[in-house]
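To start, the structure under review is shown below, and the notes come after it.
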Amino acid sequence: MKKFAVLFALFAAVGLAQADVGIFGTMDAGLTSTKAPGAATATTGFTSGGMTTSNIGIKASEDLGNGRKAVVELSSFLSDGTGATLGGSTVNTFARSAFVGIADDKLGTVTLGRQSNPSFLPTILFNAYGDSSAYGPLWHATYFGNTGNPSTRVFNDTAWDNSVAYSAPSIGGVKVTAMTSKTGGGQNVGGNAMYFNGPIGLTAFYQRTEANSTGSFQSNIYGANQPTTAKGVGGSFDAKVAKLFATYQTTDANVANIHSKTWHTSALVPMGTGNVMVAYADTDAKGVSAGKYKEYSVGYDYPLSKKTDAYVTVGRANVPGLTQGQTLGTGLRVRF
């Protein structure tokens, strides 16, 4: 917290007294019992970031006039158990985000720095488990795979280093973002589109990844300069009695000979003051690691206030030829 206290003071000291500056974050901690597919026994222990990876950050904006403003964001992933900053293979202090930009009401927004890649928002906004890296089947099929085979994971990070992104103003409920990033490992390019109108939501993304970012939490299964192309579409519908989600994505890494197709469906069902969460993801992988990989989770999220909730969830993962994997978790999440 000392780093953030110093940064907050620095923002004020350098002349942003008239700017909008604030601290934000999430603390999420609990217990999880996990048995990986094929494992003989389960392991039980403290879990940090079960439903949302714990984080803390600073946002700032300054009105430049004429419908234009400067924006800044710096944020870190945290371990609730130790208080340590989490940053992947290289522990970057601000691995979650570190960017600056200009937002214009008529022309759109340009941001530069480390920021979420094109697949991130379509993934977390179109599934009932959101950004749960511990319990979400779609998350596991897209990012940090836990199905016993790395080919069920499309990407090993949720953000790109050295990136430039442009988000166009919303037109008819459609918001389009294009993004590129270039490092020593190669160039990443992609974009996404999202549409929200009443109970209906739609999304699509395209992402061609060559470079592994320094903030990655896992090694690059595809190798340097071996482009991985992923495409995905998704939709949501709020029927009041339940909010329904569905997505479909394909992945091709020709050099590494990894090809996969994943479809997912999930729902949020109001029950009492909280929501029942139900999710299922099915991956059909071909190439080096062929096979079918299935995972589902069922849980309940209970709000204690507008910013605090408690949750419990159970999941199963099926990998051909291995005994069934299982997960049982519970925790408390506080946003600020």
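Please note that chains go A, B, ... in the order of the structure tokens, that every chain numbers its residues from 1, and that ligands are numbered from 1 in the order shown.
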As a ChimeraX atom specification, please: every residue in stretch 163-307 of chain A that DSSP puts in strand (DSSP E).
/A:163-167,174-183,186-197,200-209,228-238,243-253,258-271,274-287,291-303
Those residues with C-alpha atoms, as an mmCIF file, in the first residue's frame please?
```cif
data_model
loop_
_atom_site.group_PDB
_atom_site.id
_atom_site.type_symbol
_atom_site.label_atom_id
_atom_site.label_comp_id
_atom_site.auth_asym_id
_atom_site.auth_seq_id
_atom_site.Cartn_x
_atom_site.Cartn_y
_atom_site.Cartn_z
ATOM 1 C CA SER A 163 0.140 -1.629 -26.943
ATOM 2 C CA VAL A 164 -1.809 1.077 -28.730
ATOM 3 C CA ALA A 165 -5.605 0.845 -28.736
ATOM 4 C CA TYR A 166 -8.342 2.895 -30.373
ATOM 5 C CA SER A 167 -11.973 2.697 -29.241
ATOM 6 C CA VAL A 174 -22.106 -0.804 -31.055
ATOM 7 C CA LYS A 175 -18.637 -0.095 -29.666
ATOM 8 C CA VAL A 176 -15.574 -1.156 -31.707
ATOM 9 C CA THR A 177 -11.958 -1.330 -30.460
ATOM 10 C CA ALA A 178 -8.785 -2.014 -32.497
ATOM 11 C CA MET A 179 -5.426 -2.775 -30.915
ATOM 12 C CA THR A 180 -1.807 -3.566 -31.761
ATOM 13 C CA SER A 181 1.318 -4.351 -29.773
ATOM 14 C CA LYS A 182 4.925 -4.861 -30.832
ATOM 15 C CA THR A 183 7.777 -6.284 -28.741
ATOM 16 C CA GLY A 186 6.729 -10.138 -32.580
ATOM 17 C CA GLN A 187 3.586 -8.105 -33.238
ATOM 18 C CA ASN A 188 0.088 -8.691 -31.886
ATOM 19 C CA VAL A 189 -2.996 -7.311 -33.627
ATOM 20 C CA GLY A 190 -6.713 -7.613 -33.025
ATOM 21 C CA GLY A 191 -9.985 -6.000 -32.186
ATOM 22 C CA ASN A 192 -13.440 -6.533 -30.772
ATOM 23 C CA ALA A 193 -16.984 -5.260 -31.117
ATOM 24 C CA MET A 194 -19.710 -5.192 -28.488
ATOM 25 C CA TYR A 195 -23.397 -4.341 -28.746
ATOM 26 C CA PHE A 196 -25.815 -3.791 -25.880
ATOM 27 C CA ASN A 197 -29.454 -2.833 -26.279
ATOM 28 C CA ILE A 200 -29.643 -8.202 -25.679
ATOM 29 C CA GLY A 201 -25.855 -8.269 -25.835
ATOM 30 C CA LEU A 202 -23.636 -9.350 -28.745
ATOM 31 C CA THR A 203 -19.876 -9.526 -29.200
ATOM 32 C CA ALA A 204 -17.134 -10.643 -31.588
ATOM 33 C CA PHE A 205 -13.338 -10.583 -31.392
ATOM 34 C CA TYR A 206 -10.290 -11.358 -33.507
ATOM 35 C CA GLN A 207 -6.806 -11.739 -32.086
ATOM 36 C CA ARG A 208 -3.485 -12.681 -33.700
ATOM 37 C CA THR A 209 -0.816 -13.146 -31.042
ATOM 38 C CA THR A 228 -1.812 -17.884 -32.822
ATOM 39 C CA THR A 229 -5.046 -16.718 -34.400
ATOM 40 C CA ALA A 230 -8.284 -16.789 -32.436
ATOM 41 C CA LYS A 231 -11.793 -15.709 -33.390
ATOM 42 C CA GLY A 232 -14.866 -15.662 -31.227
ATOM 43 C CA VAL A 233 -18.515 -14.618 -31.106
ATOM 44 C CA GLY A 234 -20.940 -14.451 -28.220
ATOM 45 C CA GLY A 235 -24.328 -13.298 -27.067
ATOM 46 C CA SER A 236 -26.381 -12.710 -23.935
ATOM 47 C CA PHE A 237 -30.077 -12.328 -23.229
ATOM 48 C CA ASP A 238 -31.653 -11.179 -19.987
ATOM 49 C CA LYS A 243 -29.632 -14.131 -17.862
ATOM 50 C CA LEU A 244 -28.303 -16.460 -20.544
ATOM 51 C CA PHE A 245 -24.866 -16.462 -22.201
ATOM 52 C CA ALA A 246 -23.337 -18.383 -25.105
ATOM 53 C CA THR A 247 -19.977 -18.110 -26.912
ATOM 54 C CA TYR A 248 -18.031 -19.927 -29.615
ATOM 55 C CA GLN A 249 -14.332 -19.511 -30.428
ATOM 56 C CA THR A 250 -11.727 -21.140 -32.653
ATOM 57 C CA THR A 251 -7.954 -21.169 -32.298
ATOM 58 C CA ASP A 252 -5.231 -22.002 -34.815
ATOM 59 C CA ALA A 253 -1.483 -22.148 -34.157
ATOM 60 C CA ILE A 258 -2.568 -26.730 -32.175
ATOM 61 C CA HIS A 259 -6.145 -26.233 -33.306
ATOM 62 C CA SER A 260 -9.201 -26.047 -31.105
ATOM 63 C CA LYS A 261 -12.867 -25.143 -31.012
ATOM 64 C CA THR A 262 -14.634 -24.165 -27.795
ATOM 65 C CA TRP A 263 -18.279 -23.497 -27.163
ATOM 66 C CA HIS A 264 -19.691 -22.394 -23.868
ATOM 67 C CA THR A 265 -23.072 -21.710 -22.337
ATOM 68 C CA SER A 266 -23.910 -20.329 -18.901
ATOM 69 C CA ALA A 267 -26.645 -18.616 -16.918
ATOM 70 C CA LEU A 268 -27.272 -16.371 -13.952
ATOM 71 C CA VAL A 269 -30.528 -17.367 -12.261
ATOM 72 C CA PRO A 270 -31.924 -15.054 -9.539
ATOM 73 C CA MET A 271 -32.684 -16.954 -6.355
ATOM 74 C CA GLY A 274 -28.480 -13.683 -4.903
ATOM 75 C CA ASN A 275 -27.809 -15.565 -8.129
ATOM 76 C CA VAL A 276 -27.241 -19.186 -9.011
ATOM 77 C CA MET A 277 -24.322 -19.476 -11.466
ATOM 78 C CA VAL A 278 -24.268 -22.329 -13.973
ATOM 79 C CA ALA A 279 -21.578 -22.706 -16.661
ATOM 80 C CA TYR A 280 -20.322 -25.312 -19.139
ATOM 81 C CA ALA A 281 -17.449 -25.210 -21.641
ATOM 82 C CA ASP A 282 -16.562 -27.869 -24.232
ATOM 83 C CA THR A 283 -13.257 -27.861 -26.124
ATOM 84 C CA ASP A 284 -12.443 -30.076 -29.121
ATOM 85 C CA ALA A 285 -8.670 -29.911 -29.717
ATOM 86 C CA LYS A 286 -6.826 -31.289 -32.738
ATOM 87 C CA GLY A 287 -3.196 -31.433 -33.775
ATOM 88 C CA GLY A 291 -9.027 -34.679 -27.557
ATOM 89 C CA LYS A 292 -12.205 -33.411 -26.021
ATOM 90 C CA TYR A 293 -12.150 -31.455 -22.776
ATOM 91 C CA LYS A 294 -15.253 -30.569 -20.805
ATOM 92 C CA GLU A 295 -15.767 -28.516 -17.670
ATOM 93 C CA TYR A 296 -18.797 -27.300 -15.767
ATOM 94 C CA SER A 297 -19.398 -25.287 -12.606
ATOM 95 C CA VAL A 298 -22.412 -24.545 -10.420
ATOM 96 C CA GLY A 299 -22.376 -21.938 -7.657
ATOM 97 C CA TYR A 300 -24.262 -19.325 -5.669
ATOM 98 C CA ASP A 301 -23.302 -15.681 -5.252
ATOM 99 C CA TYR A 302 -24.891 -13.902 -2.281
ATOM 100 C CA PRO A 303 -24.665 -10.081 -2.021
#
```
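Each of A:Thr93, A:Thr323, A:Ser305, A:Asn212 was checked against A:Gly185 using only C-alpha atoms; the smallest atom-to-atom distance is that of A:Asn212.
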Just want the 8 Å neighbourhood of stretch 99-108 of chain A, counted on only C-alpha atoms, with same-chain residues fewer than 2 positions away dropped. Output as number ranges by chain.
A: 67-74, 97, 110-115, 166-169
Take the residues from that selection and put them in a file with N, CA and C atoms, as a CSV table (one decimal), in the first residue's frame.
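The result, stored in selection-v1.csv:
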```csv
chain,number,residue,atom,x,y,z
A,67,GLY,N,-14.9,18.7,-24.9
A,67,GLY,CA,-15.3,17.3,-24.9
A,67,GLY,C,-14.1,16.3,-24.9
A,68,ARG,N,-13.0,16.8,-24.5
A,68,ARG,CA,-11.8,15.9,-24.5
A,68,ARG,C,-11.1,15.9,-23.1
A,69,LYS,N,-10.6,14.7,-22.8
A,69,LYS,CA,-9.9,14.6,-21.5
A,69,LYS,C,-8.7,13.6,-21.6
A,70,ALA,N,-7.8,13.8,-20.7
A,70,ALA,CA,-6.6,12.9,-20.6
A,70,ALA,C,-7.0,11.8,-19.5
A,71,VAL,N,-6.6,10.6,-19.8
A,71,VAL,CA,-6.9,9.5,-18.9
A,71,VAL,C,-5.6,8.7,-18.5
A,72,VAL,N,-5.5,8.2,-17.3
A,72,VAL,CA,-4.4,7.5,-16.8
A,72,VAL,C,-4.9,6.3,-15.9
A,73,GLU,N,-4.3,5.1,-16.0
A,73,GLU,CA,-4.6,4.1,-15.1
A,73,GLU,C,-3.4,3.2,-14.8
A,74,LEU,N,-3.2,2.9,-13.6
A,74,LEU,CA,-2.1,2.1,-13.1
A,74,LEU,C,-2.8,1.1,-12.1
A,97,SER,N,-2.6,-3.2,-15.4
A,97,SER,CA,-2.7,-2.1,-16.4
A,97,SER,C,-1.7,-1.0,-16.1
A,110,VAL,N,-7.9,7.0,-27.6
A,110,VAL,CA,-6.6,6.3,-27.9
A,110,VAL,C,-5.9,6.2,-26.6
A,111,THR,N,-5.4,4.9,-26.3
A,111,THR,CA,-4.7,4.6,-25.1
A,111,THR,C,-3.4,3.9,-25.5
A,112,LEU,N,-2.3,4.2,-24.7
A,112,LEU,CA,-1.0,3.6,-24.9
A,112,LEU,C,-0.4,3.0,-23.6
A,113,GLY,N,0.1,1.8,-23.7
A,113,GLY,CA,0.7,1.1,-22.5
A,113,GLY,C,0.3,-0.3,-22.4
A,114,ARG,N,0.3,-0.9,-21.2
A,114,ARG,CA,-0.1,-2.2,-21.0
A,114,ARG,C,-1.6,-2.2,-20.7
A,115,GLN,N,-2.4,-2.9,-21.5
A,115,GLN,CA,-3.8,-2.9,-21.3
A,115,GLN,C,-4.5,-4.2,-21.8
A,166,TYR,N,-7.4,1.8,-30.0
A,166,TYR,CA,-8.3,2.9,-30.4
A,166,TYR,C,-9.7,2.3,-30.2
A,167,SER,N,-10.6,3.0,-29.4
A,167,SER,CA,-12.0,2.7,-29.2
A,167,SER,C,-12.8,3.8,-29.9
A,168,ALA,N,-13.7,3.4,-30.8
A,168,ALA,CA,-14.5,4.4,-31.5
A,168,ALA,C,-15.7,4.7,-30.6
A,169,PRO,N,-16.3,5.9,-30.8
A,169,PRO,CA,-17.5,6.2,-30.1
A,169,PRO,C,-18.6,5.2,-30.4
```
Would you work out the distance separating atom CA of A:Phe94 from atom CA of A:Thr308, expressed in Å to one decimal?
24.5 Å
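Distance check against A:Ala134 using only C-alpha atoms: of A:Gly172, A:Gly272, A:Gly315, A:Gly87, the minimum falls on A:Gly315.
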Which of stretch 15-221 of chain A end up as helix (DSSP H, G or I) when DSSP is run on this backbone - answer as JSON, numbers by chain?
{"A": [120, 121, 122, 123, 124, 137, 138, 139, 140, 141, 142, 150, 151, 152]}
Which residue is closest to A:Val241? Choose from A:Pro199, A:Gly38, A:Asn127, A:Lys59 and count only C-alpha atoms.
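Of A:Pro199, A:Gly38, A:Asn127, A:Lys59, the one nearest A:Val241, counting only C-alpha atoms, is A:Pro199.
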